[in-house]
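> Here you go, one structure.
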Amino acid sequence: PHPGFLKKLREVTREHGMRLVYHHHMGTVIQNEAEIDQLMARTQVMQLLLDTGHLAFAGVDPLRILQRYHDRVGHVHLKDVRASVVQDVRLSCASFATAVRNGVFTVPGDGSIDYAPIFATLRDMHYDGWLVVEAEQAPAKAHPLPYATMGFRTLSRLAKESGFQVVA
């Protein structure tokens, strides 16, 4: 989009008490580290929604992106990845939809992302926004209640260990 459009959009969102935040996502135009860097360099008015699962799936270290854009992170999605599924997807060149159906995503506590340094960085940067737990799993393969419970417990423990106040 044209920079003037983004500035106007930011003004409108601010008038309504909202922030202009971009969510990078596999299967879209902004997926990997280079694309995120380019977006952030070209759009000084926009914040970043940090999605740990989509970063890890793209082969990007979520902690590195958090540290690089700590002053522009406006929202955080916490989802994990199953490393074995990521590897299978890469070897087979499977589509994003196939990867999701095969269980590439899961909740924190069931995947391969180390969340302790992410929480320490969020604490150090005085992050005070939402932390949204996501899984994007097929309910037939991963019943939502046990996985939601696992994710909540894992993140609650990590948040408390990092000094965050947990509101349930």
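Residues in the structure tokens are named by chain (A, B, ... in the order shown) and by number from 1 within that chain; ligands are numbered from 1 in the order shown.
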Counting only C-alpha atoms, which residues of range 110-168 of chain A sit at most 12 Å from some atom of range 85-103 of chain A, and what is each one's closest atom pair with its distance in Å to one decimal, listed by chain and rising residue number, as a Markdown table?


```
| residue | atom | partner | partner_atom | distance |
| --- | --- | --- | --- | --- |
| A:Asp110 | CA | A:Gly103 | CA | 11.3 |
| A:Gly111 | CA | A:Val85 | CA | 10.3 |
| A:Ser112 | CA | A:Val86 | CA | 10.4 |
| A:Ala135 | CA | A:Gly103 | CA | 9.2 |
| A:Glu136 | CA | A:Val100 | CA | 7.0 |
| A:Gln137 | CA | A:Gly103 | CA | 6.1 |
| A:Ala138 | CA | A:Arg101 | CA | 6.4 |
| A:Pro139 | CA | A:Arg101 | CA | 10.1 |
| A:Ala140 | CA | A:Arg101 | CA | 10.2 |
| A:Lys141 | CA | A:Gly103 | CA | 7.9 |
| A:Ala142 | CA | A:Gly103 | CA | 8.5 |
```

> Could you please take those selected residues and save N, CA and C atoms as a PDB file, in the first residue's frame?


```pdb
ATOM      1  N   ASP A 110       3.576 -28.243  23.704  1.00  0.00           N
ATOM      2  CA  ASP A 110       3.448 -29.472  22.933  1.00  0.00           C
ATOM      3  C   ASP A 110       4.318 -29.434  21.676  1.00  0.00           C
ATOM      4  N   GLY A 111       5.114 -28.384  21.535  1.00  0.00           N
ATOM      5  CA  GLY A 111       5.905 -28.238  20.324  1.00  0.00           C
ATOM      6  C   GLY A 111       7.366 -27.984  20.611  1.00  0.00           C
ATOM      7  N   SER A 112       8.020 -27.306  19.691  1.00  0.00           N
ATOM      8  CA  SER A 112       9.478 -27.184  19.750  1.00  0.00           C
ATOM      9  C   SER A 112       9.999 -25.786  20.086  1.00  0.00           C
ATOM     10  N   ALA A 135      -3.677 -22.553  18.288  1.00  0.00           N
ATOM     11  CA  ALA A 135      -3.181 -23.873  17.926  1.00  0.00           C
ATOM     12  C   ALA A 135      -3.436 -24.203  16.458  1.00  0.00           C
ATOM     13  N   GLU A 136      -4.568 -23.800  15.905  1.00  0.00           N
ATOM     14  CA  GLU A 136      -4.933 -24.123  14.524  1.00  0.00           C
ATOM     15  C   GLU A 136      -4.807 -25.611  14.261  1.00  0.00           C
ATOM     16  N   GLN A 137      -5.472 -26.398  15.070  1.00  0.00           N
ATOM     17  CA  GLN A 137      -5.422 -27.851  14.938  1.00  0.00           C
ATOM     18  C   GLN A 137      -6.793 -28.399  14.557  1.00  0.00           C
ATOM     19  N   ALA A 138      -6.785 -29.511  13.878  1.00  0.00           N
ATOM     20  CA  ALA A 138      -8.038 -30.187  13.544  1.00  0.00           C
ATOM     21  C   ALA A 138      -8.587 -30.845  14.809  1.00  0.00           C
ATOM     22  N   PRO A 139      -9.817 -30.526  15.207  1.00  0.00           N
ATOM     23  CA  PRO A 139     -10.385 -31.081  16.433  1.00  0.00           C
ATOM     24  C   PRO A 139     -10.443 -32.606  16.444  1.00  0.00           C
ATOM     25  N   ALA A 140     -10.575 -33.219  15.283  1.00  0.00           N
ATOM     26  CA  ALA A 140     -10.617 -34.679  15.228  1.00  0.00           C
ATOM     27  C   ALA A 140      -9.272 -35.295  15.606  1.00  0.00           C
ATOM     28  N   LYS A 141      -8.181 -34.562  15.369  1.00  0.00           N
ATOM     29  CA  LYS A 141      -6.841 -35.064  15.692  1.00  0.00           C
ATOM     30  C   LYS A 141      -6.374 -34.607  17.070  1.00  0.00           C
ATOM     31  N   ALA A 142      -6.826 -33.432  17.484  1.00  0.00           N
ATOM     32  CA  ALA A 142      -6.362 -32.850  18.747  1.00  0.00           C
ATOM     33  C   ALA A 142      -7.547 -32.166  19.418  1.00  0.00           C
TER      34      ALA A 142
END
```

> Leaving out Met150 in chain A and any residue of its chain fewer than 2 positions from it, which residues lie within 9 Å of it when counting only C-alpha atoms, given as a list in words?

Val107, Pro108, Gly109, Asp110, Leu145, Pro146, Tyr147, Ala148, Phe152, Arg153, Thr154 and Leu155 of chain A

> Could you write those residues out with N, CA, C and O atoms, as a short mmCIF file (atom, residue, chain, number, x, y, z; two decimals), in the first residue's frame?


```cif
data_model
loop_
_atom_site.label_atom_id
_atom_site.label_comp_id
_atom_site.auth_asym_id
_atom_site.auth_seq_id
_atom_site.Cartn_x
_atom_site.Cartn_y
_atom_site.Cartn_z
N VAL A 107 -0.27 -26.11 20.54
CA VAL A 107 -0.20 -25.12 21.61
C VAL A 107 1.19 -25.12 22.24
O VAL A 107 1.90 -26.13 22.19
N PRO A 108 1.58 -24.01 22.85
CA PRO A 108 2.83 -24.02 23.62
C PRO A 108 2.80 -25.12 24.68
O PRO A 108 1.79 -25.34 25.34
N GLY A 109 3.92 -25.80 24.78
CA GLY A 109 4.01 -26.93 25.70
C GLY A 109 3.94 -28.26 24.99
O GLY A 109 4.22 -29.30 25.57
N ASP A 110 3.58 -28.24 23.70
CA ASP A 110 3.45 -29.47 22.93
C ASP A 110 4.32 -29.43 21.68
O ASP A 110 4.24 -30.32 20.84
N LEU A 145 -10.15 -29.04 24.16
CA LEU A 145 -10.06 -28.78 25.60
C LEU A 145 -8.71 -29.19 26.20
O LEU A 145 -8.07 -28.38 26.86
N PRO A 146 -8.22 -30.41 26.00
CA PRO A 146 -6.93 -30.74 26.60
C PRO A 146 -5.78 -29.88 26.07
O PRO A 146 -4.87 -29.52 26.81
N TYR A 147 -5.85 -29.55 24.78
CA TYR A 147 -4.77 -28.73 24.22
C TYR A 147 -4.86 -27.29 24.70
O TYR A 147 -3.83 -26.67 25.00
N ALA A 148 -6.06 -26.74 24.77
CA ALA A 148 -6.21 -25.38 25.31
C ALA A 148 -5.74 -25.34 26.76
O ALA A 148 -5.06 -24.40 27.18
N PHE A 152 -2.64 -23.09 28.09
CA PHE A 152 -2.87 -22.12 29.15
C PHE A 152 -1.95 -22.38 30.34
O PHE A 152 -1.34 -21.46 30.88
N ARG A 153 -1.84 -23.63 30.74
CA ARG A 153 -0.99 -23.96 31.89
C ARG A 153 0.49 -23.66 31.60
O ARG A 153 1.20 -23.12 32.44
N THR A 154 0.93 -24.02 30.43
CA THR A 154 2.33 -23.77 30.06
C THR A 154 2.63 -22.27 30.06
O THR A 154 3.61 -21.82 30.66
N LEU A 155 1.77 -21.51 29.40
CA LEU A 155 2.02 -20.08 29.31
C LEU A 155 1.81 -19.37 30.64
O LEU A 155 2.54 -18.42 30.95
#
```

> What does the distance from CA of Gln47 in chain A to CA of Ala83 in chain A come to in Å, to one decimal?

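Separation of CA of Gln47 in chain A and CA of Ala83 in chain A: 28.3 Å.
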
> Residues near His70 in chain A, anyone? I mean within 9 Å using only C-alpha atoms, not counting same-chain ones fewer than 5 positions away, as a PDB file with N, CA, C and O atoms, in the first residue's frame.


```pdb
ATOM      1  N   ILE A  65      13.187 -12.024  15.929  1.00  0.00           N
ATOM      2  CA  ILE A  65      12.269 -11.004  15.401  1.00  0.00           C
ATOM      3  C   ILE A  65      11.747 -10.132  16.542  1.00  0.00           C
ATOM      4  O   ILE A  65      11.644  -8.909  16.408  1.00  0.00           O
ATOM      5  N   THR A 121      12.127 -11.625  27.278  1.00  0.00           N
ATOM      6  CA  THR A 121      12.249 -10.444  26.419  1.00  0.00           C
ATOM      7  C   THR A 121      10.993  -9.588  26.492  1.00  0.00           C
ATOM      8  O   THR A 121      11.080  -8.351  26.583  1.00  0.00           O
ATOM      9  N   LEU A 122       9.819 -10.222  26.470  1.00  0.00           N
ATOM     10  CA  LEU A 122       8.572  -9.462  26.613  1.00  0.00           C
ATOM     11  C   LEU A 122       8.562  -8.699  27.939  1.00  0.00           C
ATOM     12  O   LEU A 122       8.162  -7.533  27.993  1.00  0.00           O
ATOM     13  N   MET A 125      11.018  -5.739  27.815  1.00  0.00           N
ATOM     14  CA  MET A 125      10.548  -4.630  26.971  1.00  0.00           C
ATOM     15  C   MET A 125       9.260  -4.004  27.509  1.00  0.00           C
ATOM     16  O   MET A 125       8.706  -3.113  26.886  1.00  0.00           O
ATOM     17  N   TYR A 127       6.298  -5.225  27.748  1.00  0.00           N
ATOM     18  CA  TYR A 127       5.141  -5.500  26.896  1.00  0.00           C
ATOM     19  C   TYR A 127       3.893  -5.592  27.766  1.00  0.00           C
ATOM     20  O   TYR A 127       3.882  -6.275  28.795  1.00  0.00           O
TER      21      TYR A 127
END
```

> CA of Thr106 in chain A to CA of Ala34 in chain A: how many Å, to one decimal?

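Between CA of Thr106 in chain A and CA of Ala34 in chain A the gap works out to 24.8 Å.
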
> List as a PDB file with N, CA, C and O atoms, in the first residue's frame the protein and nucleic acid residues near Leu63 in chain A, meaning an atom at most 9 Å away when only C-alpha atoms are counted, but skip any in the same chain fewer than 5 places from it.


```
ATOM      1  N   THR A  52       4.484 -16.489  16.879  1.00  0.00           N
ATOM      2  CA  THR A  52       5.602 -17.403  17.083  1.00  0.00           C
ATOM      3  C   THR A  52       5.511 -18.644  16.202  1.00  0.00           C
ATOM      4  O   THR A  52       6.521 -19.103  15.672  1.00  0.00           O
ATOM      5  N   ARG A  68      14.493  -7.756  17.459  1.00  0.00           N
ATOM      6  CA  ARG A  68      14.731  -6.756  16.408  1.00  0.00           C
ATOM      7  C   ARG A  68      13.642  -5.680  16.402  1.00  0.00           C
ATOM      8  O   ARG A  68      13.930  -4.508  16.204  1.00  0.00           O
ATOM      9  N   TYR A 115       9.873 -21.017  24.863  1.00  0.00           N
ATOM     10  CA  TYR A 115       9.182 -19.773  25.197  1.00  0.00           C
ATOM     11  C   TYR A 115       9.807 -18.996  26.350  1.00  0.00           C
ATOM     12  O   TYR A 115       9.515 -17.815  26.516  1.00  0.00           O
ATOM     13  N   PRO A 117      12.874 -17.641  26.877  1.00  0.00           N
ATOM     14  CA  PRO A 117      13.533 -16.387  26.487  1.00  0.00           C
ATOM     15  C   PRO A 117      12.580 -15.386  25.824  1.00  0.00           C
ATOM     16  O   PRO A 117      12.796 -14.176  25.919  1.00  0.00           O
ATOM     17  N   ILE A 118      11.532 -15.870  25.206  1.00  0.00           N
ATOM     18  CA  ILE A 118      10.542 -14.969  24.620  1.00  0.00           C
ATOM     19  C   ILE A 118       9.831 -14.211  25.730  1.00  0.00           C
ATOM     20  O   ILE A 118       9.673 -12.989  25.667  1.00  0.00           O
ATOM     21  N   THR A 121      12.127 -11.625  27.278  1.00  0.00           N
ATOM     22  CA  THR A 121      12.249 -10.444  26.419  1.00  0.00           C
ATOM     23  C   THR A 121      10.993  -9.588  26.492  1.00  0.00           C
ATOM     24  O   THR A 121      11.080  -8.351  26.583  1.00  0.00           O
TER      25      THR A 121
END
```

> Nearest to Pro62 in chain A: which of A:Val12, A:Phe119, A:Arg42, A:Val29 is it, counting only C-alpha atoms?

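Going through A:Val12, A:Phe119, A:Arg42, A:Val29 one by one, the smallest distance to Pro62 in chain A is for A:Phe119.
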
> Mind the document's chain letters and residue numbers, and return as a ChimeraX atom specification the residues of range 12-157 of chain A that DSSP labels strand (DSSP E or B).

/A:21-23,47-51,73-78,80-81,105-106,131-133

> What does the file look like for those residues with C-alpha atoms, as a tab-separated table (two decimals), in the first residue's frame?


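The resulting file, out_19.tsv, is reproduced below:
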```tsv
chain	number	residue	atom	x	y	z
A	21	VAL	CA	-0.77	-3.91	13.42
A	22	TYR	CA	0.25	-6.31	10.64
A	23	HIS	CA	-0.04	-10.08	11.08
A	47	GLN	CA	3.31	-2.27	14.31
A	48	LEU	CA	3.95	-5.99	14.06
A	49	LEU	CA	1.82	-8.83	15.31
A	50	LEU	CA	4.42	-11.37	16.38
A	51	ASP	CA	3.16	-14.88	15.63
A	73	VAL	CA	5.39	-5.29	18.58
A	74	GLY	CA	1.73	-4.47	19.08
A	75	HIS	CA	0.25	-7.92	19.63
A	76	VAL	CA	1.54	-11.48	20.20
A	77	HIS	CA	0.12	-14.81	19.07
A	78	LEU	CA	1.60	-17.78	20.89
A	80	ASP	CA	3.89	-23.75	18.69
A	81	VAL	CA	5.00	-26.06	15.88
A	105	PHE	CA	0.68	-26.20	14.68
A	106	THR	CA	0.00	-26.95	18.31
A	131	LEU	CA	-0.87	-12.75	24.56
A	132	VAL	CA	-3.20	-14.93	22.49
A	133	VAL	CA	-2.90	-18.72	22.64
```

> Looking at only C-alpha atoms, which of A:His126, A:Lys7, A:His143, A:Lys160 is the one that sits closest to Asp71 in chain A?

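When distances to Asp71 in chain A are compared using only C-alpha atoms, the smallest one comes from A:His126.
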
> Check the smallest atom-to-atom distance from each of A:Ser156, A:Gln44, A:Asn32, A:Gln38 to Leu6 in chain A using only C-alpha atoms, then report the winner.

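Of A:Ser156, A:Gln44, A:Asn32, A:Gln38, the one nearest Leu6 in chain A, counting only C-alpha atoms, is A:Gln44.
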
> Mind giving me the straight-line distance from CA of Ser162 in chain A to CA of Ala120 in chain A in Å, one decimal?

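Taking CA of Ser162 in chain A and CA of Ala120 in chain A, their separation equals 5.7 Å.
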